[in-house]
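Asks: Below is run22.csv; it holds CSV, C-alpha atoms.
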chain,number,residue,atom,x,y,z
I,1,MET,CA,-17.5,-11.8,-34.7
I,2,ARG,CA,-16.5,-8.5,-36.3
I,3,ARG,CA,-18.0,-5.5,-34.5
I,4,HIS,CA,-16.9,-2.4,-36.3
I,5,SER,CA,-14.7,-2.2,-39.3
I,6,LEU,CA,-11.6,-0.1,-39.1
I,7,ALA,CA,-11.0,-0.5,-42.8
I,8,GLY,CA,-12.2,2.9,-43.7
I,9,GLU,CA,-10.3,4.8,-41.0
I,10,PRO,CA,-7.9,7.6,-42.3
I,11,CYS,CA,-5.0,5.9,-40.5
I,12,PRO,CA,-2.7,3.1,-41.6
I,13,VAL,CA,-2.4,1.8,-38.0
I,14,ALA,CA,-6.2,1.3,-37.7
I,15,ARG,CA,-6.5,-0.2,-41.2
I,16,SER,CA,-3.7,-2.7,-40.4
I,17,LEU,CA,-5.5,-3.8,-37.3
I,18,ASP,CA,-8.6,-4.3,-39.4
I,19,VAL,CA,-6.7,-6.9,-41.4
I,20,ILE,CA,-4.5,-8.5,-38.7
I,21,GLY,CA,-5.9,-7.3,-35.4
I,22,GLU,CA,-7.3,-10.6,-34.2
I,23,TRP,CA,-5.1,-12.7,-31.9
I,24,TRP,CA,-5.2,-15.9,-33.9
I,25,THR,CA,-4.4,-14.1,-37.1
I,26,MET,CA,-1.0,-12.8,-35.9
I,27,VAL,CA,-0.3,-16.1,-34.1
I,28,LEU,CA,-0.7,-17.9,-37.4
I,29,VAL,CA,1.5,-15.4,-39.2
I,30,ARG,CA,4.1,-15.9,-36.5
I,31,ASP,CA,3.9,-19.7,-37.0
I,32,ALA,CA,4.3,-19.3,-40.8
I,33,PHE,CA,7.5,-17.4,-40.2
I,34,ARG,CA,8.6,-20.4,-38.1
I,35,GLY,CA,8.0,-22.9,-40.8
I,36,ALA,CA,4.3,-23.8,-40.5
I,37,ARG,CA,2.7,-24.5,-43.8
I,38,ARG,CA,0.0,-27.1,-43.5
I,39,PHE,CA,-3.2,-27.2,-41.6
I,40,GLU,CA,-1.7,-29.7,-39.2
I,41,ASP,CA,1.3,-27.4,-38.5
I,42,PHE,CA,-1.0,-24.5,-37.6
I,43,ARG,CA,-3.1,-26.6,-35.4
I,44,ALA,CA,-0.2,-27.2,-33.1
I,45,VAL,CA,-0.9,-23.9,-31.3
I,46,GLY,CA,-4.2,-25.2,-29.9
I,47,ILE,CA,-6.7,-23.4,-32.1
I,48,SER,CA,-10.0,-25.1,-32.9
I,49,ASP,CA,-10.4,-26.4,-36.4
I,50,ASN,CA,-13.3,-24.2,-37.4
I,51,ILE,CA,-11.5,-21.0,-36.2
I,52,LEU,CA,-8.3,-22.1,-37.9
I,53,SER,CA,-10.2,-22.7,-41.2
I,54,ALA,CA,-11.9,-19.3,-41.0
I,55,ARG,CA,-8.6,-17.5,-40.2
I,56,LEU,CA,-6.7,-19.2,-43.0
I,57,LYS,CA,-9.4,-18.4,-45.4
I,58,ARG,CA,-9.4,-14.7,-44.4
I,59,LEU,CA,-5.6,-14.6,-44.6
I,60,VAL,CA,-5.7,-15.9,-48.2
I,61,GLU,CA,-8.5,-13.4,-49.1
I,62,GLU,CA,-6.4,-10.6,-47.7
I,63,GLY,CA,-3.4,-11.8,-49.7
I,64,ILE,CA,-1.2,-12.5,-46.7
I,65,PHE,CA,-1.1,-16.3,-47.4
I,66,GLU,CA,-1.3,-18.0,-50.7
I,67,LYS,CA,-2.8,-21.4,-50.9
I,68,ARG,CA,-0.9,-24.1,-52.9
I,69,LEU,CA,-1.9,-27.6,-53.6
I,70,TYR,CA,0.7,-30.1,-52.4
I,71,GLN,CA,-1.3,-33.3,-52.7
I,72,GLU,CA,-4.0,-34.3,-55.2
I,73,HIS,CA,-5.7,-37.3,-53.7
I,74,PRO,CA,-7.0,-36.3,-51.3
I,75,GLN,CA,-6.7,-32.7,-52.1
I,76,ARG,CA,-4.4,-30.9,-49.5
I,77,ASN,CA,-3.2,-27.3,-49.5
I,78,GLU,CA,-0.4,-25.6,-47.8
I,79,TYR,CA,-0.3,-21.9,-46.9
I,80,LEU,CA,2.7,-19.8,-47.8
I,81,LEU,CA,3.4,-16.2,-46.8
I,82,THR,CA,3.2,-13.7,-49.7
I,83,GLU,CA,5.4,-10.6,-49.9
I,84,LYS,CA,2.6,-8.8,-48.1
I,85,GLY,CA,2.7,-11.5,-45.4
I,86,ARG,CA,6.4,-11.5,-45.1
I,87,ASP,CA,6.3,-7.7,-44.6
I,88,LEU,CA,4.6,-8.5,-41.3
I,89,LEU,CA,7.9,-9.7,-39.9
I,90,THR,CA,8.4,-6.3,-38.3
I,91,VAL,CA,5.1,-6.4,-36.5
I,92,VAL,CA,5.9,-9.9,-35.2
I,93,ALA,CA,9.4,-8.7,-34.2
I,94,ALA,CA,7.9,-5.7,-32.4
I,95,LEU,CA,5.4,-7.9,-30.5
I,96,GLY,CA,8.2,-10.3,-29.6
I,97,THR,CA,10.5,-7.5,-28.3
I,98,TRP,CA,7.7,-6.0,-26.2
I,99,GLY,CA,6.6,-9.4,-24.8
I,100,ARG,CA,10.1,-10.4,-23.9
I,101,LYS,CA,10.4,-7.2,-21.8
I,102,TRP,CA,6.9,-6.9,-20.4
I,103,THR,CA,5.4,-10.4,-20.1
I,104,THR,CA,6.5,-13.2,-17.9
I,105,GLY,CA,7.1,-16.7,-19.2
I,106,PRO,CA,9.5,-18.9,-21.2
I,107,ASP,CA,10.6,-18.2,-24.7
I,108,ALA,CA,10.5,-21.4,-26.7
I,109,THR,CA,12.2,-19.8,-29.7
I,110,GLY,CA,14.8,-17.3,-28.5
I,111,GLY,CA,13.7,-14.7,-31.0
I,112,MET,CA,15.1,-13.6,-34.3
I,113,THR,CA,18.8,-13.5,-35.0
I,114,HIS,CA,21.2,-12.0,-37.5
I,115,GLU,CA,22.0,-14.8,-40.0
I,116,GLU,CA,25.6,-13.6,-40.3
I,117,CYS,CA,26.7,-13.4,-36.6
I,118,GLY,CA,23.9,-15.2,-34.7
I,119,ARG,CA,23.3,-12.3,-32.4
I,120,ASN,CA,19.7,-11.5,-31.4
I,121,LEU,CA,18.2,-8.6,-33.4
I,122,THR,CA,16.5,-5.5,-32.0
I,123,LEU,CA,14.2,-3.1,-33.8
I,124,ARG,CA,15.1,0.5,-34.0
I,125,GLY,CA,13.7,3.6,-35.6
I,126,TRP,CA,15.8,4.7,-38.5
I,127,CYS,CA,16.2,8.0,-40.2
I,128,GLU,CA,17.2,7.9,-43.8
I,129,GLU,CA,18.0,11.6,-43.8
I,130,CYS,CA,20.5,11.3,-41.0
I,131,GLY,CA,21.5,7.8,-41.8
I,132,ARG,CA,21.4,6.7,-38.2
I,133,PRO,CA,19.2,4.9,-35.7
I,134,VAL,CA,17.0,7.2,-33.5
I,135,GLU,CA,16.0,6.7,-29.9
I,136,GLN,CA,12.4,6.8,-28.6
I,137,HIS,CA,12.8,10.3,-27.2
I,138,GLU,CA,13.8,11.6,-30.7
I,139,VAL,CA,10.5,10.4,-32.2
I,140,ARG,CA,7.8,12.9,-32.9
I,141,VAL,CA,4.3,11.5,-33.1
I,142,PRO,CA,1.9,13.9,-34.8
I,143,GLU,CA,-0.7,15.1,-32.3
I,144,VAL,CA,-4.2,14.9,-33.8
I,145,ILE,CA,-6.4,14.0,-30.9
I,146,ARG,CA,-6.5,16.2,-27.8
I,147,ILE,CA,-9.8,17.7,-28.6
I,148,GLU,CA,-10.9,20.2,-25.9
I,149,VAL,CA,-14.6,19.6,-25.3
I,150,PRO,CA,-16.7,20.6,-22.3
I,151,VAL,CA,-17.2,17.7,-19.9
I,152,THR,CA,-21.0,17.2,-20.0
I,153,ARG,CA,-21.2,13.5,-19.0
F,1,MET,CA,-15.5,-12.0,-25.3
F,2,ARG,CA,-12.1,-13.6,-24.6
F,3,ARG,CA,-12.1,-17.1,-26.0
F,4,HIS,CA,-8.8,-18.6,-25.2
F,5,SER,CA,-6.0,-17.0,-23.2
F,6,LEU,CA,-2.5,-16.8,-24.8
F,7,ALA,CA,-1.0,-15.6,-21.5
F,8,GLY,CA,0.6,-18.9,-20.7
F,9,GLU,CA,2.1,-19.6,-24.1
F,10,PRO,CA,5.9,-20.1,-24.2
F,11,CYS,CA,6.3,-17.3,-26.7
F,12,PRO,CA,6.5,-13.5,-26.1
F,13,VAL,CA,4.6,-12.8,-29.4
F,14,ALA,CA,1.6,-14.7,-28.2
F,15,ARG,CA,1.8,-13.3,-24.7
F,16,SER,CA,1.9,-9.8,-26.1
F,17,LEU,CA,-1.2,-10.5,-28.2
F,18,ASP,CA,-3.0,-11.7,-25.0
F,19,VAL,CA,-2.5,-8.2,-23.6
F,20,ILE,CA,-2.9,-6.0,-26.6
F,21,GLY,CA,-4.3,-8.2,-29.4
F,22,GLU,CA,-7.7,-6.6,-29.5
F,23,TRP,CA,-8.3,-3.9,-32.1
F,24,TRP,CA,-9.6,-1.2,-29.9
F,25,THR,CA,-6.8,-1.7,-27.4
F,26,MET,CA,-4.1,-0.8,-29.9
F,27,VAL,CA,-6.2,2.0,-31.4
F,28,LEU,CA,-6.4,3.5,-27.9
F,29,VAL,CA,-2.7,3.2,-27.4
F,30,ARG,CA,-2.2,4.8,-30.8
F,31,ASP,CA,-4.4,7.7,-29.8
F,32,ALA,CA,-2.6,8.1,-26.5
F,33,PHE,CA,0.7,8.6,-28.4
F,34,ARG,CA,-1.1,11.3,-30.4
F,35,GLY,CA,-2.1,13.2,-27.3
F,36,ALA,CA,-5.4,11.6,-26.2
F,37,ARG,CA,-5.8,11.6,-22.4
F,38,ARG,CA,-9.4,12.0,-21.4
F,39,PHE,CA,-12.4,9.8,-22.0
F,40,GLU,CA,-13.7,12.4,-24.5
F,41,ASP,CA,-10.4,12.3,-26.4
F,42,PHE,CA,-10.5,8.5,-26.8
F,43,ARG,CA,-14.2,8.6,-27.8
F,44,ALA,CA,-13.3,10.5,-30.9
F,45,VAL,CA,-12.4,7.3,-32.8
F,46,GLY,CA,-16.0,6.1,-32.6
F,47,ILE,CA,-15.9,3.5,-30.0
F,48,SER,CA,-19.0,2.9,-27.9
F,49,ASP,CA,-18.8,4.1,-24.3
F,50,ASN,CA,-19.1,0.7,-22.6
F,51,ILE,CA,-16.4,-0.9,-24.8
F,52,LEU,CA,-14.2,2.2,-24.2
F,53,SER,CA,-14.7,2.0,-20.4
F,54,ALA,CA,-13.8,-1.8,-20.4
F,55,ARG,CA,-10.7,-1.3,-22.6
F,56,LEU,CA,-9.4,1.6,-20.5
F,57,LYS,CA,-9.9,-0.4,-17.3
F,58,ARG,CA,-8.1,-3.4,-18.8
F,59,LEU,CA,-5.2,-1.1,-20.0
F,60,VAL,CA,-4.9,0.3,-16.5
F,61,GLU,CA,-4.9,-3.2,-15.0
F,62,GLU,CA,-2.2,-4.3,-17.4
F,63,GLY,CA,-0.1,-1.3,-16.4
F,64,ILE,CA,-0.1,0.2,-19.9
F,65,PHE,CA,-2.1,3.3,-18.9
F,66,GLU,CA,-2.1,5.0,-15.5
F,67,LYS,CA,-5.2,6.8,-14.3
F,68,ARG,CA,-4.8,10.3,-12.8
F,69,LEU,CA,-7.4,12.5,-11.3
F,70,TYR,CA,-7.5,15.8,-13.1
F,71,GLN,CA,-10.8,17.2,-11.7
F,72,GLU,CA,-12.3,16.6,-8.2
F,73,HIS,CA,-15.9,17.8,-8.7
F,74,PRO,CA,-17.2,15.9,-10.5
F,75,GLN,CA,-14.4,13.3,-10.4
F,76,ARG,CA,-12.6,13.0,-13.7
F,77,ASN,CA,-9.6,10.9,-14.7
F,78,GLU,CA,-7.2,11.1,-17.5
F,79,TYR,CA,-5.2,8.1,-18.8
F,80,LEU,CA,-1.4,8.4,-19.4
F,81,LEU,CA,0.9,5.9,-21.0
F,82,THR,CA,3.3,4.3,-18.6
F,83,GLU,CA,6.8,3.2,-19.6
F,84,LYS,CA,5.3,-0.2,-20.5
F,85,GLY,CA,2.8,1.6,-22.6
F,86,ARG,CA,5.3,3.9,-24.3
F,87,ASP,CA,7.3,0.8,-25.2
F,88,LEU,CA,4.4,-0.1,-27.5
F,89,LEU,CA,5.5,2.7,-29.9
F,90,THR,CA,7.5,0.2,-31.9
F,91,VAL,CA,4.3,-2.0,-32.4
F,92,VAL,CA,2.3,1.1,-33.4
F,93,ALA,CA,5.1,2.1,-35.8
F,94,ALA,CA,5.3,-1.4,-37.3
F,95,LEU,CA,1.5,-1.4,-37.9
F,96,GLY,CA,1.7,2.0,-39.4
F,97,THR,CA,4.5,1.1,-41.8
F,98,TRP,CA,2.8,-2.1,-42.9
F,99,GLY,CA,-0.6,-0.3,-43.3
F,100,ARG,CA,1.0,2.6,-45.3
F,101,LYS,CA,2.3,0.0,-47.8
F,102,TRP,CA,-0.4,-2.6,-47.9
F,103,THR,CA,-3.8,-0.9,-47.2
F,104,THR,CA,-5.5,1.8,-49.2
F,105,GLY,CA,-6.7,5.0,-47.7
F,106,PRO,CA,-5.7,8.4,-46.4
F,107,ASP,CA,-3.2,9.0,-43.7
F,108,ALA,CA,-4.5,11.7,-41.4
F,109,THR,CA,-1.3,12.0,-39.5
F,110,GLY,CA,1.6,11.4,-41.9
F,111,GLY,CA,3.3,9.1,-39.5
F,112,MET,CA,6.2,9.4,-37.1
F,113,THR,CA,9.1,11.7,-37.8
F,114,HIS,CA,12.6,12.4,-36.6
F,115,GLU,CA,12.4,15.4,-34.2
F,116,GLU,CA,15.7,16.7,-35.3
F,117,CYS,CA,15.3,16.8,-39.1
F,118,GLY,CA,11.5,16.2,-39.6
F,119,ARG,CA,12.0,13.2,-41.9
F,120,ASN,CA,9.7,10.2,-41.7
F,121,LEU,CA,11.1,7.3,-39.7
F,122,THR,CA,11.3,3.7,-40.8
F,123,LEU,CA,11.8,0.7,-38.5
F,124,ARG,CA,14.8,-1.5,-39.1
F,125,GLY,CA,16.2,-4.6,-37.6
F,126,TRP,CA,19.4,-3.8,-35.9
F,127,CYS,CA,22.4,-6.0,-34.9
F,128,GLU,CA,24.3,-4.8,-31.8
F,129,GLU,CA,27.1,-7.1,-32.6
F,130,CYS,CA,27.7,-5.8,-36.1
F,131,GLY,CA,26.5,-2.2,-35.2
F,132,ARG,CA,24.4,-1.9,-38.4
F,133,PRO,CA,20.9,-2.3,-39.7
F,134,VAL,CA,20.0,-5.6,-41.2
F,135,GLU,CA,17.8,-6.4,-44.1
F,136,GLN,CA,14.8,-8.8,-44.0
F,137,HIS,CA,16.7,-11.5,-45.9
F,138,GLU,CA,19.4,-11.5,-43.2
F,139,VAL,CA,17.0,-12.3,-40.5
F,140,ARG,CA,16.8,-15.8,-39.2
F,141,VAL,CA,13.6,-16.9,-37.5
F,142,PRO,CA,14.0,-20.0,-35.4
F,143,GLU,CA,12.0,-22.9,-37.0
F,144,VAL,CA,10.0,-24.6,-34.3
F,145,ILE,CA,6.8,-25.7,-36.0
F,146,ARG,CA,6.9,-27.8,-39.2
F,147,ILE,CA,5.8,-31.0,-37.4
F,148,GLU,CA,5.6,-33.9,-39.8
F,149,VAL,CA,2.4,-35.8,-39.0
F,150,PRO,CA,0.5,-38.2,-41.1
F,151,VAL,CA,-2.5,-36.6,-42.7
F,152,THR,CA,-5.5,-38.4,-41.2
F,153,ARG,CA,-8.3,-35.9,-41.6
Would you put the structure from the file into structure tokens?

Replies:
Amino acid sequence: MRRHSLAGEPCPVARSLDVIGEWWTMVLVRDAFRGARRFEDFRAVGISDNILSARLKRLVEEGIFEKRLYQEHPQRNEYLLTEKGRDLLTVVAALGTWGRKWTTGPDATGGMTHEECGRNLTLRGWCEECGRPVEQHEVRVPEVIRIEVPVTR
Amino acid sequence: MRRHSLAGEPCPVARSLDVIGEWWTMVLVRDAFRGARRFEDFRAVGISDNILSARLKRLVEEGIFEKRLYQEHPQRNEYLLTEKGRDLLTVVAALGTWGRKWTTGPDATGGMTHEECGRNLTLRGWCEECGRPVEQHEVRVPEVIRIEVPVTR
């Protein structure tokens, strides 16, 4: 299933993808934000039971979910987002924003809103130094690739 | 390779993952933001040539990259981010932020900065209505899961 680990890459983007880069993983995290806790809740998305079990196990091992017993006989667990898991809200929000703009289809949830006023939220780059949001054209991404090599292929 | 399409899901998060949910896809997008344009540039990350070809083809089909001829003999193409592709900057930024906090390892790039002042940028939820950034605890995620079903397994 896993082809090549990105866990050792010198880049936090790559290392994040190593943990959460599989489709189902992020779909399960999304569902957890929407209130899913039990195996049956997570099943609702149409994942097969064996993949679901494997993904939940991985998410617990990675410390994104914590497993908590909610019934003794028979033994049943629920899965709760940890702080590390809750910090993925920005990733889910970024995916939702992009998908709302660039994919076609309904939106069953309507997206995240501001608790206080009910308005839909957007994600923006923020500069602590200047104390203001920054636009995309003001963002500098360090250039590390662009290696000039002779074309020999 | 692809097990179950999320393209028809009534959720923009799921549909986004259908397009960009594979590890290598987002790693290639990250590299494009950092200046990678040619096959050789993208190879630098250690991807095998056949997977790289397939991913670049998919990214062009999805309209995230556009292919442009830069050499006639022999014919060579470069891959440039489209507007749809550049809009993934927020997703890359969200992954970078999370990875910087929750994974261990070096950061070869140092992350995105504000062009004007050079300070590292953060991503924040933003409310247009209130004209201010909002904290995570102020974000409301619509609850659509939490289906109460009898445990029969």

Asks: List as a tab-separated table (two decimals) with C-alpha atoms, in the frame of the given file the protein and nucleic acid residues near Glu129 (chain F), meaning an atom at most 12 Å away when only C-alpha atoms are counted, but skip any in the same chain fewer than 6 places from it.

Replies:
chain	number	residue	atom	x	y	z
I	113	THR	CA	18.80	-13.50	-35.00
I	114	HIS	CA	21.20	-12.00	-37.50
I	115	GLU	CA	22.00	-14.80	-40.00
I	116	GLU	CA	25.60	-13.60	-40.30
I	117	CYS	CA	26.70	-13.40	-36.60
I	118	GLY	CA	23.90	-15.20	-34.70
I	119	ARG	CA	23.30	-12.30	-32.40
I	120	ASN	CA	19.70	-11.50	-31.40
I	121	LEU	CA	18.20	-8.60	-33.40
I	122	THR	CA	16.50	-5.50	-32.00

Asks: Which residue, F:Pro12, F:Gly125, F:Gly63, F:Pro142, has the smallest gap to Lys84 (chain F) when you use only C-alpha atoms?

Replies: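 The shortest atom-to-atom distance to Lys84 (chain F) comes from F:Gly63.
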
Asks: Do a neighbour search on Trp23 (chain I) at 8 Å with all atoms listed in the file, toss out local chain neighbours closer than 6 positions, and write the hits as an MDAnalysis selection string.

Replies: chainID F and resid 14 17:18 21:22

Asks: Would you be able to write out as a VMD selection string which residues have an atom within 12 Å of (1.0, -10.5, -52.9) in the file's coordinates, counting all atoms listed in the file?

Replies: (chain I and resid 59 to 67 80 to 87) or (chain F and resid 101 to 102)

Asks: Given all atoms listed in the file as the basis, pick out the residue of I:Val141, I:Glu128, I:Thr104, I:Gly99 nearest to Ser16 (chain F).

Replies: I:Gly99

Asks: Can you tell me how far CA of Ser53 (chain F) sits from CA of Glu143 (chain I), in Å to one decimal?

Replies: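 Computing the Euclidean distance for CA of Ser53 (chain F) and CA of Glu143 (chain I) yields 22.6 Å.
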